[in-house]
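Printed here is coords_19.txt (compact mmCIF, C-alpha atoms):
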# COMPACT_ATOMS: atom_id res chain seq x y z
CA MET A 18 21.52 34.16 -54.28
CA ALA A 19 20.91 37.89 -54.04
CA GLN A 20 23.03 40.43 -55.84
CA HIS A 21 24.80 43.10 -53.81
CA TRP A 22 25.28 46.81 -54.41
CA THR A 23 28.62 48.56 -54.70
CA HIS A 24 29.33 52.26 -54.31
CA ARG A 25 32.52 52.00 -56.36
CA GLY A 26 31.19 53.01 -59.74
CA GLY A 27 27.64 52.08 -58.76
CA GLY A 28 25.59 49.15 -59.99
CA TRP A 29 24.84 45.61 -59.01
CA LEU A 30 27.61 43.04 -58.74
CA ALA A 31 27.31 39.34 -59.45
CA PRO A 32 26.23 37.18 -56.51
CA ARG A 33 29.03 36.26 -54.15
CA SER A 34 29.90 32.60 -53.72
CA PRO A 35 29.05 31.26 -50.25
CA ARG A 36 32.01 30.87 -47.90
CA PRO A 37 31.01 28.94 -44.81
CA GLY A 38 34.59 27.92 -44.07
CA VAL A 39 38.14 28.61 -45.21
CA ILE A 40 37.40 28.91 -48.95
CA PRO A 41 34.50 30.07 -51.13
CA LEU A 42 32.48 27.21 -52.64
CA ARG A 43 33.57 27.81 -56.23
CA PRO A 44 36.63 27.11 -58.38
CA LEU A 45 39.62 28.65 -56.64
CA GLY A 46 42.33 30.99 -57.80
CA PRO A 47 45.92 31.00 -56.45
CA ARG A 48 45.03 33.74 -53.98
CA ASP A 49 42.07 31.70 -52.68
CA ILE A 50 44.32 28.68 -52.13
CA LEU A 51 46.98 30.74 -50.33
CA ASP A 52 44.40 32.52 -48.18
CA GLY A 53 42.62 29.23 -47.46
CA THR A 54 45.89 27.55 -46.49
CA LEU A 55 46.82 30.30 -44.05
CA THR A 56 43.29 30.39 -42.64
CA THR A 57 43.28 26.60 -42.20
CA LEU A 58 46.62 26.63 -40.40
CA GLY A 59 45.53 29.54 -38.22
CA ARG A 60 42.13 28.06 -37.35
CA TYR A 61 42.96 24.36 -37.12
CA GLY A 62 46.75 24.22 -36.96
CA GLY A 63 46.95 23.41 -33.23
CA ARG A 64 44.55 20.49 -33.48
CA LEU A 65 46.22 19.27 -36.67
CA LEU A 66 49.64 19.34 -35.02
CA GLY A 67 48.32 17.66 -31.88
CA ALA A 68 46.76 14.84 -33.89
CA LEU A 69 49.98 14.42 -35.87
CA LEU A 70 52.12 14.18 -32.74
CA LEU A 71 49.77 11.62 -31.18
CA GLY A 72 49.87 9.56 -34.35
CA GLN A 73 53.66 9.81 -34.46
CA LEU A 74 53.89 8.47 -30.91
CA ALA A 75 51.91 5.42 -31.99
CA GLY A 76 54.22 4.98 -34.98
CA LEU A 77 57.32 5.29 -32.78
CA LEU A 78 56.48 2.12 -30.84
CA PRO A 79 57.31 -0.36 -33.64
CA LEU A 80 60.29 1.81 -34.63
CA ALA A 81 61.62 1.58 -31.06
CA ALA A 82 61.17 -2.21 -31.14
CA VAL A 83 63.10 -2.43 -34.42
CA ALA A 84 65.84 -0.14 -33.06
CA GLY A 85 66.18 -2.30 -29.97
CA ALA A 86 66.41 -5.50 -32.01
CA ALA A 87 68.93 -3.91 -34.39
CA THR A 88 71.04 -2.73 -31.45
CA LEU A 89 71.12 -6.21 -29.94
CA ALA A 90 71.95 -7.75 -33.32
CA SER A 91 74.79 -5.28 -33.86
CA LEU A 92 76.49 -6.59 -30.73
CA SER A 93 77.03 -9.92 -32.45
CA ARG A 94 80.57 -10.51 -33.70
CA THR A 95 79.32 -12.13 -36.90
CA ALA A 96 76.73 -9.52 -37.81
CA GLY A 97 78.51 -6.41 -36.62
CA SER A 98 77.18 -2.96 -37.47
CA ARG A 99 75.80 -4.02 -40.86
CA VAL A 100 72.67 -5.50 -39.32
CA PHE A 101 72.09 -2.27 -37.43
CA VAL A 102 72.36 -0.18 -40.60
CA TYR A 103 70.43 -2.56 -42.87
CA THR A 104 67.61 -2.86 -40.32
CA LEU A 105 67.31 0.59 -38.83
CA VAL A 106 67.70 2.69 -41.99
CA PRO A 107 64.75 1.07 -43.84
CA ALA A 108 62.68 1.22 -40.65
CA LEU A 109 63.43 4.92 -40.26
CA ALA A 110 62.56 5.55 -43.92
CA LEU A 111 59.23 3.75 -43.46
CA PHE A 112 58.54 5.80 -40.33
CA LEU A 113 59.13 9.06 -42.20
CA LEU A 114 56.86 7.84 -44.99
CA PHE A 115 54.27 6.94 -42.35
CA CYS A 116 54.50 10.47 -40.90
CA TRP A 117 54.00 11.92 -44.37
CA ALA A 118 51.00 9.67 -44.97
CA LEU A 119 49.62 10.53 -41.54
CA ALA A 120 49.88 14.27 -42.26
CA THR A 121 48.07 13.76 -45.57
CA ALA A 122 45.34 11.61 -44.02
CA LEU A 123 44.77 14.17 -41.25
CA THR A 124 44.55 17.00 -43.77
CA ALA A 125 42.12 15.00 -45.91
CA ALA A 126 39.98 14.33 -42.84
CA LEU A 127 40.10 18.06 -42.03
CA LEU A 128 39.08 19.20 -45.52
CA ARG A 129 35.33 18.71 -45.14
CA PRO A 130 34.92 20.47 -41.74
CA ALA A 131 37.37 23.22 -42.77
CA VAL A 132 35.54 23.95 -46.03
CA LEU A 133 32.19 23.95 -44.25
CA GLY A 134 33.41 25.89 -41.19
CA ARG A 135 32.69 23.12 -38.70
CA PRO A 136 34.61 22.61 -35.46
CA VAL A 137 36.92 19.63 -34.94
CA THR A 138 38.82 18.16 -32.00
CA THR A 139 42.28 16.63 -31.95
CA LEU A 140 41.04 13.15 -31.05
CA GLY A 141 38.11 13.41 -33.47
CA LEU A 142 40.47 14.35 -36.28
CA LEU A 143 42.77 11.43 -35.45
CA ARG A 144 39.84 9.00 -35.29
CA ALA A 145 38.58 10.17 -38.67
CA ALA A 146 42.02 9.87 -40.28
CA ALA A 147 43.15 6.56 -38.76
CA PRO A 148 41.17 4.20 -41.06
CA ARG A 149 42.48 6.04 -44.13
CA ILE A 150 46.20 5.89 -43.26
CA PRO A 151 46.91 2.49 -44.94
CA ALA A 152 45.39 3.60 -48.27
CA VAL A 153 47.15 6.98 -48.09
CA PHE A 154 50.43 5.24 -47.21
CA GLY A 155 50.00 2.84 -50.12
CA SER A 156 49.20 5.58 -52.60
CA ARG A 157 52.14 7.68 -51.36
CA LEU A 158 54.44 4.66 -51.81
CA LEU A 159 53.10 3.98 -55.32
CA VAL A 160 53.66 7.62 -56.31
CA LEU A 161 57.26 7.41 -55.11
CA LEU A 162 57.79 4.13 -56.94
CA ALA A 163 56.30 5.49 -60.17
CA ALA A 164 58.33 8.70 -60.06
CA ALA A 165 61.63 7.52 -58.58
CA GLY A 166 61.54 3.75 -59.10
CA PRO A 167 63.04 3.64 -62.62
CA GLY A 168 65.90 5.95 -61.64
CA ALA A 169 66.62 3.98 -58.46
CA ALA A 170 66.62 0.72 -60.41
CA ALA A 171 69.02 2.19 -62.98
CA LEU A 172 71.37 3.37 -60.21
CA ALA A 173 71.21 -0.06 -58.58
CA ALA A 174 72.13 -1.60 -61.94
CA GLY A 175 75.32 0.48 -61.96
CA LEU A 176 74.45 3.18 -64.49
CA PRO A 177 76.20 6.52 -63.92
CA PRO A 178 74.04 9.37 -62.58
CA LEU A 179 74.44 11.39 -65.79
CA ALA A 180 72.79 8.57 -67.72
CA LEU A 181 69.65 9.11 -65.67
CA LEU A 182 69.09 12.70 -66.80
CA PRO A 183 66.59 11.69 -69.53
CA LEU A 184 64.47 10.04 -66.81
CA ALA A 185 64.22 13.26 -64.76
CA PRO A 186 61.48 14.96 -66.85
CA VAL A 187 59.44 11.73 -66.88
CA ALA A 188 59.80 11.38 -63.10
CA LEU A 189 58.74 15.00 -62.57
CA TRP A 190 55.76 14.64 -64.92
CA LEU A 191 54.56 11.47 -63.18
CA GLY A 192 55.14 12.93 -59.72
CA VAL A 193 52.94 15.94 -60.46
CA LEU A 194 50.32 13.92 -62.35
CA LEU A 195 49.88 11.63 -59.35
CA ALA A 196 50.41 14.28 -56.66
CA LEU A 197 46.75 14.36 -55.60
CA ALA A 198 46.48 10.58 -55.17
CA PRO A 199 47.20 10.51 -51.39
CA THR A 200 44.60 13.23 -50.77
CA ALA A 201 42.09 11.37 -52.94
CA ALA A 202 42.74 8.19 -50.94
CA GLY A 203 42.11 10.06 -47.71
CA TYR A 204 39.17 12.24 -48.76
CA GLU A 205 37.24 9.80 -50.94
CA GLY A 206 38.28 6.57 -49.22
CA LEU A 207 39.77 5.14 -52.43
CA GLY A 208 42.30 2.34 -52.63
CA PRO A 209 45.87 3.19 -53.69
CA VAL A 210 45.50 2.25 -57.36
CA ALA A 211 42.09 3.91 -57.70
CA ALA A 212 43.53 7.04 -56.03
CA LEU A 213 46.30 7.18 -58.65
CA ARG A 214 43.73 7.01 -61.44
CA ARG A 215 41.66 9.69 -59.71
CA SER A 216 44.65 12.02 -59.44
CA ALA A 217 45.51 11.54 -63.11
CA ARG A 218 41.94 12.50 -64.10
CA LEU A 219 41.88 15.56 -61.86
CA VAL A 220 45.32 16.86 -62.87
CA ARG A 221 44.77 16.31 -66.59
CA GLY A 222 44.62 19.75 -68.20
CA ALA A 223 46.04 21.46 -65.09
CA TRP A 224 49.53 19.98 -64.83
CA TRP A 225 51.35 23.32 -64.62
CA ARG A 226 48.88 24.67 -62.07
CA THR A 227 49.40 21.56 -59.93
CA PHE A 228 53.18 21.82 -60.37
CA ALA A 229 53.21 25.48 -59.30
CA ILE A 230 51.53 24.65 -55.98
CA THR A 231 52.66 21.17 -54.98
CA VAL A 232 56.34 21.21 -55.93
CA PRO A 233 57.40 24.46 -54.16
CA ALA A 234 55.30 23.62 -51.09
CA GLY A 235 56.70 20.10 -50.87
CA ALA A 236 60.28 21.23 -51.46
CA LEU A 237 59.98 23.89 -48.76
CA ALA A 238 58.60 21.43 -46.22
CA LEU A 239 61.18 18.73 -47.01
CA GLY A 240 63.99 21.27 -46.86
CA ALA A 241 62.81 22.51 -43.48
CA ALA A 242 62.34 18.94 -42.22
CA TYR A 243 65.97 18.25 -43.21
CA ALA A 244 67.44 21.47 -41.80
CA VAL A 245 65.64 21.54 -38.45
CA PRO A 246 67.26 18.34 -37.08
CA LEU A 247 70.68 19.65 -38.09
CA ARG A 248 70.03 22.87 -36.17
CA PHE A 249 68.21 21.56 -33.11
CA GLY A 250 69.49 17.98 -32.75
CA VAL A 251 67.25 15.32 -31.22
CA LEU A 252 64.44 17.78 -30.47
CA GLY A 253 64.52 18.93 -34.08
CA ALA A 254 64.41 15.33 -35.29
CA LEU A 255 61.25 14.73 -33.24
CA LEU A 256 59.59 17.91 -34.52
CA ALA A 257 60.75 17.68 -38.15
CA PRO A 258 57.90 15.40 -39.33
CA ALA A 259 55.44 18.00 -38.07
CA LEU A 260 56.73 20.36 -40.76
CA LEU A 261 55.24 17.98 -43.32
CA THR A 262 51.79 19.28 -42.32
CA VAL A 263 52.60 22.79 -43.59
CA PRO A 264 52.11 22.15 -47.35
CA GLN A 265 49.27 19.67 -46.86
CA PRO A 266 46.41 22.22 -46.62
CA ALA A 267 47.57 23.81 -49.89
CA CYS A 268 47.56 20.40 -51.61
CA GLY A 269 44.18 19.60 -50.06
CA LEU A 270 42.63 22.86 -51.26
CA LEU A 271 44.13 22.34 -54.71
CA TYR A 272 42.45 18.92 -54.72
CA MET A 273 39.16 20.55 -53.70
CA ASP A 274 39.59 23.12 -56.49
CA ARG A 275 40.04 20.36 -59.05
CA LEU A 276 36.90 18.63 -57.75
CA LEU A 277 34.88 21.85 -58.01
CA ARG A 278 36.12 22.43 -61.55
CA ARG A 279 35.72 18.85 -62.79
CA GLU A 280 32.48 18.16 -60.94
CA PRO A 281 30.72 21.51 -60.46
CA GLY A 282 27.68 19.92 -58.80
CA ILE A 283 29.70 18.34 -56.00
CA THR A 284 29.09 19.50 -52.42
CA PRO A 285 31.83 19.11 -49.80
CA GLY A 286 29.30 17.98 -47.20
Let me see the file written as structure tokens.
Amino acid sequence: MAQHWTHRGGGWLAPRSPRPGVIPLRPLGPRDILDGTLTTLGRYGGRLLGALLLGQLAGLLPLAAVAGAATLASLSRTAGSRVFVYTLVPALALFLLFCWALATALTAALLRPAVLGRPVTTLGLLRAAAPRIPAVFGSRLLVLLAAAGPGAAALAAGLPPLALLPLAPVALWLGVLLALAPTAAGYEGLGPVAALRRSARLVRGAWWRTFAITVPAGALALGAAYAVPLRFGVLGALLAPALLTVPQPACGLLYMDRLLRREPGITPG
């Protein structure tokens, strides 16, 4: 790669890294990740959102069936409203987890064309992501179980919330250590358990860097996804899962950065 001349002080500068797409093909700094995230959302955001909404519509069909069955069951004098709550609440939680996994799978499918500057279509993006959704969903569920499972089990056993404070640092550490597992499952086609091991290897030695990017981005998206339905009602509830796509490019580019640092010879294509 040829050197280039600068007039600021004169002399030859080091060769520039190639940048066919949203990021340069070299280890990334925080500014590269932020710039790449904004560029990805600006260049591909419409197609990403369109694919997410189409996928959500497919996921709403079984949720609607469960809601209908729960509504009919709640009319029973013996079951009452408990069946409605016990059936619909877990189904809604699984749907939200599905939307989160779908957003991650779509972003993972977008990584390669975005990094290489290739065009994508909404349907093409959805077709590429669809086979990866089960593995991404499974890895996302395992991350939640690893980070929050012990605390939830302790609460279910009747322990007071203050007794769970010692578990909080462990939960945070595990959550960050395994944060790249869903992206690994989507990008590399790994199974859930293999994706967790992959994330642990990539994050090792860069825990604080991963924390500084994934935790604020995830908290911002989850906060917005919670506030929007309160502000805009039913329409906000339908659009809230789309907000989960906002931090996904940042997490995807962080994953790509860890790959480029751990495996310098790797090529995104």
Exercise. Extract, using all atoms listed in the file, all DNA, RNA and protein residues at most 7 Å from stretch 197-207 of chain A, discarding same-chain residues fewer than 5 positions from it, and format them as number ranges by chain.
Key: A: 121-122, 125-126, 149, 152-153, 156-157, 212-213, 215-216, 269, 272
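One distance worth recording is that between atom CA of A:Leu159 and atom CA of A:Leu66, which is 25.7 Å.
Across A:Ala82, A:Leu172, A:Gly235, A:Ala180, the tightest approach to A:Pro266 is made by A:Gly235 when counting all atoms listed in the file.
Each of A:Leu271, A:Leu78, A:Leu42, A:Val137 was checked against A:Gly62 using all atoms listed in the file; the smallest atom-to-atom distance is that of A:Val137.
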Quiz item: What separation in Å, quoted to one decimal, exists between atom CA of A:Leu71 and atom CA of A:Ile40?
Solution: 27.7 Å
Quiz item: Which residues, protein or nucleic acid, reach to within 10 Å of (33.2, 28.4, -49.2) in the file's coordinates when using only C-alpha atoms, and can you give that as a VMD selection string?
Solution: chain A and resid 34 to 45 53 131 to 134 285
Export, as a short mmCIF file (atom, residue, chain, number, x, y, z; two decimals), in the coordinates of the input, the selected residues with C-alpha atoms.
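File produced: out_0.cif:
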data_model
loop_
_atom_site.label_atom_id
_atom_site.label_comp_id
_atom_site.auth_asym_id
_atom_site.auth_seq_id
_atom_site.Cartn_x
_atom_site.Cartn_y
_atom_site.Cartn_z
CA SER A 34 29.90 32.60 -53.72
CA PRO A 35 29.05 31.26 -50.25
CA ARG A 36 32.01 30.87 -47.90
CA PRO A 37 31.01 28.94 -44.81
CA GLY A 38 34.59 27.92 -44.07
CA VAL A 39 38.14 28.61 -45.21
CA ILE A 40 37.40 28.91 -48.95
CA PRO A 41 34.50 30.07 -51.13
CA LEU A 42 32.48 27.21 -52.64
CA ARG A 43 33.57 27.81 -56.23
CA PRO A 44 36.63 27.11 -58.38
CA LEU A 45 39.62 28.65 -56.64
CA GLY A 53 42.62 29.23 -47.46
CA ALA A 131 37.37 23.22 -42.77
CA VAL A 132 35.54 23.95 -46.03
CA LEU A 133 32.19 23.95 -44.25
CA GLY A 134 33.41 25.89 -41.19
CA PRO A 285 31.83 19.11 -49.80
#
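Of the residues under consideration (A:Leu276, A:Ala229, A:Ala169, A:Leu51), A:Ala169 shows the shortest atom-to-atom contact distance to A:Ala185 when counting only C-alpha atoms.
Closest approach to A:Ala211 from the set A:Phe112, A:Leu162, A:Arg279, A:Gly155 is made by A:Gly155, with distances taken over all atoms listed in the file.
When atom CA of A:Val106 is paired with atom CA of A:Gly76, their separation reads 15.4 Å.
Of the residues under consideration (A:Leu58, A:Thr262, A:Val245, A:Phe115), A:Phe115 shows the shortest atom-to-atom contact distance to A:Leu74 when counting all atoms listed in the file.
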